[in-house]
There are 2 protein chains.
Amino acid sequence: MAQSDTVTRILDTAEVLFAERGFAETSLRNITSKARVNLAAVNYHFGSKKALIQAVFARYLDPFSQRFHSALDELEARYEGRDIPLEVLLETMATTVLTVPAERNSLKVFMRLLGLAYSQAQGHLRRYIQQQYGDVFSRFTELVRRATPDLPDAERFWRLHFMLGTVIFTLSGLDALRDIAEKDYHQHVSVRDLVRRLRPVVVAAMNAPLPDEKDIEHHADTVAH
Amino acid sequence: MAQSDTVTRILDTAEVLFAERGFAETSLRNITSKARVNLAAVNYHFGSKKALIQAVFARYLDPFSQRFHSALDELEARYEGRDIPLEVLLETMATTVLTVPAERNSLKVFMRLLGLAYSQAQGHLRRYIQQQYGDVFSRFTELVRRATPDLPDAERFWRLHFMLGTVIFTLSGLDALRDIAEKDYHQHVSVRDLVRRLRPVVVAAMNAPLPDEKDIEHHADTVAH
DNA sequence: GTTTGTTTAAAACATCCGTTTTTTATGGCC
DNA sequence: GGCCATAAAAAACGGATGTTTTAAACAAAC
């Protein structure tokens, strides 16, 4: 009881502060004082600040990858080997993403963290996430591949990352954007509202016509090797 | 000569290090030692670290906003009051973005910096960019508004930010993505190549059908108020 | 009831940070 | 040569950081 209380209080506080200010800008003293916990407790329970950062991510990503795996299991069973439509795959992913942190009312935090994992240097984090959760992502992309057989592999790769950028960028900068949107358009914007707006955009982007093949090779002004 | 040499050497080094590791993770000592310049030179020439960060951005954004303004002048003159097609607007922006840093072979750095400006806390930077270059952006969005008269204002607002996310996210994480892409698909990826791939995706996303209006209002599970 | 292992508390440690001050060098001008 | 503003170099300052150590509290086991 005593232990788990301290540990979760550290995690709860750390994820909020990390999401608000980033990793480097959040000191252990910030965390421990706000969590009303002793400074040494972080190094005692987690070992280091890096390990704490990874633990914060694990608390979101472990249940996410678990649920996403079983959601894909269910989907594959339902479609009995037939290709799963792209819309269904995207919808499933969105639902899973929305479900996981709903228990703690902190989708915003989750997305901010994902954005930080990409944008902040923190090489150790990218490596950790890659090796820890790379297989779920691979499984998903493989299903997307079957759902879009007409898309060249390279094109699909890039479009998936384009859309990843859209989602992470938007949801992680949500607070700032929401302020502008509500001021200019007098309209409340919830996360679910945003997902509703994202859906047709993402589908259209994935199904966009292939780029012109012209001048694909005669560019002498690229940063070639 | 002596002064301008020191100043530009600081700027050159700072922009690279900032782009690689972020602002907080890059110390003045990192910069000055790599630039082989005295530590105090930064505070002497720029006043503070914040001012240095802003100077790094200004060196890109000043010529950019200048060229983009004149490119839009030219465009408006050519179309003589008629609406400028969305594709032309996007193309013009892309061309301008590509032109500016080409002189220093560092589009990658430029995009990384833009991504950081968004994702890192650094409130002072966002404020600086907003008040310094907000008018170019406003002018552009106004032209986009006329180019997409059927899109509700709020929808256009969000879609523009979706696409901003796509571009910044992709180009700022370009190195990592390029490694994967070249390993998996054995194909060199230049920035211009990426822009070629982005074009149809962005256009399709902006022209995507409007989201379903159903269940737009009956969601009791949002973070209302 | 003492002992043992675990958790918290407090203090200290070494290091790094941005900034400021002090000193030294440089180069044009009268 | 002497003067002076400008630039560079060196050193120091105060403060904050992650981590470690030392000491106290606590609970369970014997």
# chains A, B, ... in the order shown; residues from 1 in each chain; ligands from 1

$ interface_residues --of "chain A" --to "chain C" --cutoff "10 Å" --atoms "only C-alpha atoms (C1' of nucleotides)" --output "ChimeraX atom specification"
/A:2-3,6,37-41,44-45

$ write_last_selection --atoms "all heavy atoms" --output "PDB file, in the first residue's frame"
ATOM      1  N   ALA A   2       1.744   1.298   0.986  1.00  0.00           N
ATOM      2  CA  ALA A   2       2.612   2.467   1.072  1.00  0.00           C
ATOM      3  C   ALA A   2       3.435   2.610  -0.202  1.00  0.00           C
ATOM      4  O   ALA A   2       3.507   3.681  -0.798  1.00  0.00           O
ATOM      5  CB  ALA A   2       3.535   2.358   2.282  1.00  0.00           C
ATOM      6  N   GLN A   3       3.985   1.502  -0.658  1.00  0.00           N
ATOM      7  CA  GLN A   3       4.831   1.562  -1.842  1.00  0.00           C
ATOM      8  C   GLN A   3       4.031   1.965  -3.074  1.00  0.00           C
ATOM      9  O   GLN A   3       4.341   2.944  -3.734  1.00  0.00           O
ATOM     10  CB  GLN A   3       5.483   0.198  -2.074  1.00  0.00           C
ATOM     11  CG  GLN A   3       6.361   0.171  -3.315  1.00  0.00           C
ATOM     12  CD  GLN A   3       6.009  -0.975  -4.237  1.00  0.00           C
ATOM     13  OE1 GLN A   3       5.219  -1.844  -3.882  1.00  0.00           O
ATOM     14  NE2 GLN A   3       6.580  -0.981  -5.415  1.00  0.00           N
ATOM     15  N   THR A   6       3.125   5.567  -3.331  1.00  0.00           N
ATOM     16  CA  THR A   6       4.209   6.473  -3.740  1.00  0.00           C
ATOM     17  C   THR A   6       4.516   6.325  -5.220  1.00  0.00           C
ATOM     18  O   THR A   6       4.649   7.318  -5.946  1.00  0.00           O
ATOM     19  CB  THR A   6       5.468   6.178  -2.914  1.00  0.00           C
ATOM     20  OG1 THR A   6       5.194   6.433  -1.548  1.00  0.00           O
ATOM     21  CG2 THR A   6       6.612   7.045  -3.376  1.00  0.00           C
ATOM     22  N   VAL A  37       6.314  13.792  -2.281  1.00  0.00           N
ATOM     23  CA  VAL A  37       7.050  12.548  -2.135  1.00  0.00           C
ATOM     24  C   VAL A  37       8.524  12.920  -2.045  1.00  0.00           C
ATOM     25  O   VAL A  37       8.944  13.943  -2.573  1.00  0.00           O
ATOM     26  CB  VAL A  37       6.781  11.665  -3.381  1.00  0.00           C
ATOM     27  CG1 VAL A  37       7.949  10.750  -3.675  1.00  0.00           C
ATOM     28  CG2 VAL A  37       5.512  10.860  -3.182  1.00  0.00           C
ATOM     29  N   ASN A  38       9.288  12.101  -1.403  1.00  0.00           N
ATOM     30  CA  ASN A  38      10.685  12.465  -1.237  1.00  0.00           C
ATOM     31  C   ASN A  38      11.451  12.372  -2.551  1.00  0.00           C
ATOM     32  O   ASN A  38      11.181  11.515  -3.389  1.00  0.00           O
ATOM     33  CB  ASN A  38      11.332  11.572  -0.189  1.00  0.00           C
ATOM     34  CG  ASN A  38      12.725  12.068   0.150  1.00  0.00           C
ATOM     35  OD1 ASN A  38      13.693  11.640  -0.451  1.00  0.00           O
ATOM     36  ND2 ASN A  38      12.807  12.992   1.088  1.00  0.00           N
ATOM     37  N   LEU A  39      12.420  13.255  -2.673  1.00  0.00           N
ATOM     38  CA  LEU A  39      13.205  13.304  -3.908  1.00  0.00           C
ATOM     39  C   LEU A  39      13.840  11.968  -4.243  1.00  0.00           C
ATOM     40  O   LEU A  39      13.811  11.511  -5.391  1.00  0.00           O
ATOM     41  CB  LEU A  39      14.285  14.376  -3.763  1.00  0.00           C
ATOM     42  CG  LEU A  39      15.370  14.426  -4.833  1.00  0.00           C
ATOM     43  CD1 LEU A  39      14.781  14.707  -6.195  1.00  0.00           C
ATOM     44  CD2 LEU A  39      16.397  15.497  -4.482  1.00  0.00           C
ATOM     45  N   ALA A  40      14.416  11.332  -3.225  1.00  0.00           N
ATOM     46  CA  ALA A  40      15.152  10.089  -3.486  1.00  0.00           C
ATOM     47  C   ALA A  40      14.240   8.950  -3.926  1.00  0.00           C
ATOM     48  O   ALA A  40      14.720   7.937  -4.444  1.00  0.00           O
ATOM     49  CB  ALA A  40      15.928   9.681  -2.244  1.00  0.00           C
ATOM     50  N   ALA A  41      12.946   9.120  -3.725  1.00  0.00           N
ATOM     51  CA  ALA A  41      12.026   8.025  -4.047  1.00  0.00           C
ATOM     52  C   ALA A  41      12.071   7.662  -5.533  1.00  0.00           C
ATOM     53  O   ALA A  41      11.914   6.498  -5.891  1.00  0.00           O
ATOM     54  CB  ALA A  41      10.602   8.404  -3.641  1.00  0.00           C
ATOM     55  N   TYR A  44      15.038   5.594  -6.091  1.00  0.00           N
ATOM     56  CA  TYR A  44      14.885   4.338  -5.377  1.00  0.00           C
ATOM     57  C   TYR A  44      13.938   3.395  -6.121  1.00  0.00           C
ATOM     58  O   TYR A  44      14.256   2.232  -6.348  1.00  0.00           O
ATOM     59  CB  TYR A  44      14.366   4.599  -3.957  1.00  0.00           C
ATOM     60  CG  TYR A  44      14.099   3.336  -3.196  1.00  0.00           C
ATOM     61  CD1 TYR A  44      15.135   2.603  -2.632  1.00  0.00           C
ATOM     62  CD2 TYR A  44      12.804   2.844  -3.068  1.00  0.00           C
ATOM     63  CE1 TYR A  44      14.902   1.433  -1.954  1.00  0.00           C
ATOM     64  CE2 TYR A  44      12.562   1.668  -2.379  1.00  0.00           C
ATOM     65  CZ  TYR A  44      13.608   0.966  -1.827  1.00  0.00           C
ATOM     66  OH  TYR A  44      13.368  -0.201  -1.155  1.00  0.00           O
ATOM     67  N   HIS A  45      12.804   3.909  -6.537  1.00  0.00           N
ATOM     68  CA  HIS A  45      11.804   3.034  -7.140  1.00  0.00           C
ATOM     69  C   HIS A  45      12.039   2.771  -8.618  1.00  0.00           C
ATOM     70  O   HIS A  45      11.682   1.716  -9.125  1.00  0.00           O
ATOM     71  CB  HIS A  45      10.404   3.634  -6.960  1.00  0.00           C
ATOM     72  CG  HIS A  45       9.893   3.531  -5.563  1.00  0.00           C
ATOM     73  ND1 HIS A  45       9.495   2.340  -5.005  1.00  0.00           N
ATOM     74  CD2 HIS A  45       9.739   4.459  -4.593  1.00  0.00           C
ATOM     75  CE1 HIS A  45       9.092   2.549  -3.771  1.00  0.00           C
ATOM     76  NE2 HIS A  45       9.235   3.818  -3.493  1.00  0.00           N
TER      77      HIS A  45
END

$ residues_around --residues "Val136 (chain B)" --least-positions-apart "6" --cutoff "8 Å" --atoms "only C-alpha atoms (C1' of nucleotides)" --output "PyMOL selection string"
chain B and resi 65+68-69

$ residues_around --residues "Leu52 (chain A)" --least-positions-apart "2" --cutoff "10 Å" --atoms "only C-alpha atoms (C1' of nucleotides)" --output "list in words"
Ile10, Leu11, Ala14, Glu15, Leu28, Val42, Asn43, His45, Phe46, Gly47, Ser48, Lys49, Lys50, Gln54, Ala55, Val56, Phe57 and Ala58 of chain A

$ write_last_selection --atoms "C-alpha atoms" --output "PDB file, in the first residue's frame"
ATOM      1  CA  ILE A  10       5.077   9.725  -8.860  1.00  0.00           C
ATOM      2  CA  LEU A  11       3.818   8.342 -12.157  1.00  0.00           C
ATOM      3  CA  ALA A  14       5.348  12.862 -13.779  1.00  0.00           C
ATOM      4  CA  GLU A  15       3.116  12.210 -16.772  1.00  0.00           C
ATOM      5  CA  LEU A  28      12.794  15.389 -10.431  1.00  0.00           C
ATOM      6  CA  VAL A  42      12.344   8.343  -7.805  1.00  0.00           C
ATOM      7  CA  ASN A  43      15.825   6.929  -7.948  1.00  0.00           C
ATOM      8  CA  HIS A  45      11.804   3.034  -7.140  1.00  0.00           C
ATOM      9  CA  PHE A  46      12.756   3.590 -10.751  1.00  0.00           C
ATOM     10  CA  GLY A  47      16.525   3.764 -10.753  1.00  0.00           C
ATOM     11  CA  SER A  48      16.929   6.878 -12.848  1.00  0.00           C
ATOM     12  CA  LYS A  49      15.054   9.628 -14.574  1.00  0.00           C
ATOM     13  CA  LYS A  50      15.283   7.787 -17.889  1.00  0.00           C
ATOM     14  CA  GLN A  54       9.989   4.777 -19.789  1.00  0.00           C
ATOM     15  CA  ALA A  55       7.730   3.696 -16.946  1.00  0.00           C
ATOM     16  CA  VAL A  56       5.380   6.566 -17.693  1.00  0.00           C
ATOM     17  CA  PHE A  57       5.121   5.377 -21.276  1.00  0.00           C
ATOM     18  CA  ALA A  58       4.761   1.750 -20.350  1.00  0.00           C
TER      19      ALA A  58
END

$ interface_residues --of "chain A" --to "chain B" --cutoff "7 Å" --atoms "only C-alpha atoms" --output "PyMOL selection string"
chain A and resi 21-22+24-25+119-121+154+161-163+165-166+169-170+185+190+192+196-197+200-202+204-205+208-211+222-224

$ atom_distance --atom1 "CA of Arg146 (chain B)" --atom2 "CA of Ala94 (chain B)"
18.9 Å

$ residues_around --residues "Arg9 (chain B)" --least-positions-apart "4" --cutoff "8 Å" --atoms "only C-alpha atoms (C1' of nucleotides)" --output "NGL selection string"
:B and (5 or 13 or 35)

$ select_by_dssp --residues "region 68-209 of chain A" --states "alpha helix (DSSP H)" --output "JSON, numbers by chain"
{"A": [68, 69, 70, 71, 72, 73, 74, 75, 76, 77, 78, 79, 86, 87, 88, 89, 90, 91, 92, 93, 94, 95, 96, 97, 98, 99, 107, 108, 109, 110, 111, 112, 113, 114, 115, 116, 117, 118, 119, 123, 124, 125, 126, 127, 128, 129, 130, 131, 132, 133, 134, 135, 136, 137, 138, 139, 140, 141, 142, 143, 144, 145, 146, 147, 153, 154, 155, 156, 157, 158, 159, 160, 161, 162, 163, 164, 165, 166, 167, 168, 169, 170, 171, 172, 174, 175, 176, 177, 178, 179, 180, 181, 182, 183, 184, 185, 191, 192, 193, 194, 195, 196, 197, 198, 199, 200, 201, 202, 203, 204, 205, 206]}

$ interface_residues --of "chain D" --to "chain A" --cutoff "10 Å" --atoms "only C-alpha atoms (C1' of nucleotides)" --output "ChimeraX atom specification"
/D:16-20

$ write_last_selection --atoms "N, CA, C and O atoms (P, O5', C5', C4', C3', O3' and C1' of nucleotides)" --output "PDB file, in the first residue's frame"
ATOM      1  P    DA D  16      17.322  28.066  -7.999  1.00  0.00           P
ATOM      2  O5'  DA D  16      17.312  26.763  -8.911  1.00  0.00           O
ATOM      3  C5'  DA D  16      17.489  26.922 -10.320  1.00  0.00           C
ATOM      4  C4'  DA D  16      17.946  25.597 -10.897  1.00  0.00           C
ATOM      5  C3'  DA D  16      17.217  24.386 -10.312  1.00  0.00           C
ATOM      6  O3'  DA D  16      16.612  23.666 -11.384  1.00  0.00           O
ATOM      7  C1'  DA D  16      19.583  24.084 -10.241  1.00  0.00           C
ATOM      8  P    DT D  17      15.728  22.396 -11.076  1.00  0.00           P
ATOM      9  O5'  DT D  17      16.665  21.209 -11.541  1.00  0.00           O
ATOM     10  C5'  DT D  17      17.317  21.272 -12.814  1.00  0.00           C
ATOM     11  C4'  DT D  17      18.358  20.174 -12.885  1.00  0.00           C
ATOM     12  C3'  DT D  17      17.852  18.866 -12.300  1.00  0.00           C
ATOM     13  O3'  DT D  17      17.493  17.976 -13.326  1.00  0.00           O
ATOM     14  C1'  DT D  17      20.085  19.372 -11.607  1.00  0.00           C
ATOM     15  P    DG D  18      16.672  16.670 -12.848  1.00  0.00           P
ATOM     16  O5'  DG D  18      17.815  15.568 -12.666  1.00  0.00           O
ATOM     17  C5'  DG D  18      18.628  15.234 -13.775  1.00  0.00           C
ATOM     18  C4'  DG D  18      19.677  14.225 -13.349  1.00  0.00           C
ATOM     19  C3'  DG D  18      19.123  12.924 -12.757  1.00  0.00           C
ATOM     20  O3'  DG D  18      19.914  11.826 -13.198  1.00  0.00           O
ATOM     21  C1'  DG D  18      20.468  14.033 -11.140  1.00  0.00           C
ATOM     22  P    DT D  19      19.537  10.346 -12.683  1.00  0.00           P
ATOM     23  O5'  DT D  19      20.479  10.225 -11.415  1.00  0.00           O
ATOM     24  C5'  DT D  19      21.876  10.473 -11.582  1.00  0.00           C
ATOM     25  C4'  DT D  19      22.576  10.380 -10.242  1.00  0.00           C
ATOM     26  C3'  DT D  19      22.276   9.089  -9.456  1.00  0.00           C
ATOM     27  O3'  DT D  19      23.478   8.338  -9.366  1.00  0.00           O
ATOM     28  C1'  DT D  19      22.271  11.026  -8.062  1.00  0.00           C
ATOM     29  P    DT D  20      23.429   6.921  -8.608  1.00  0.00           P
ATOM     30  O5'  DT D  20      23.979   7.338  -7.164  1.00  0.00           O
ATOM     31  C5'  DT D  20      25.098   8.198  -7.073  1.00  0.00           C
ATOM     32  C4'  DT D  20      25.460   8.409  -5.610  1.00  0.00           C
ATOM     33  C3'  DT D  20      25.350   7.162  -4.728  1.00  0.00           C
ATOM     34  O3'  DT D  20      26.571   7.003  -4.037  1.00  0.00           O
ATOM     35  C1'  DT D  20      24.153   8.986  -3.765  1.00  0.00           C
TER      36       DT D  20
END

$ atom_distance --atom1 "C1' of DA11 (chain D)" --atom2 "CA of Val7 (chain B)"
22.5 Å
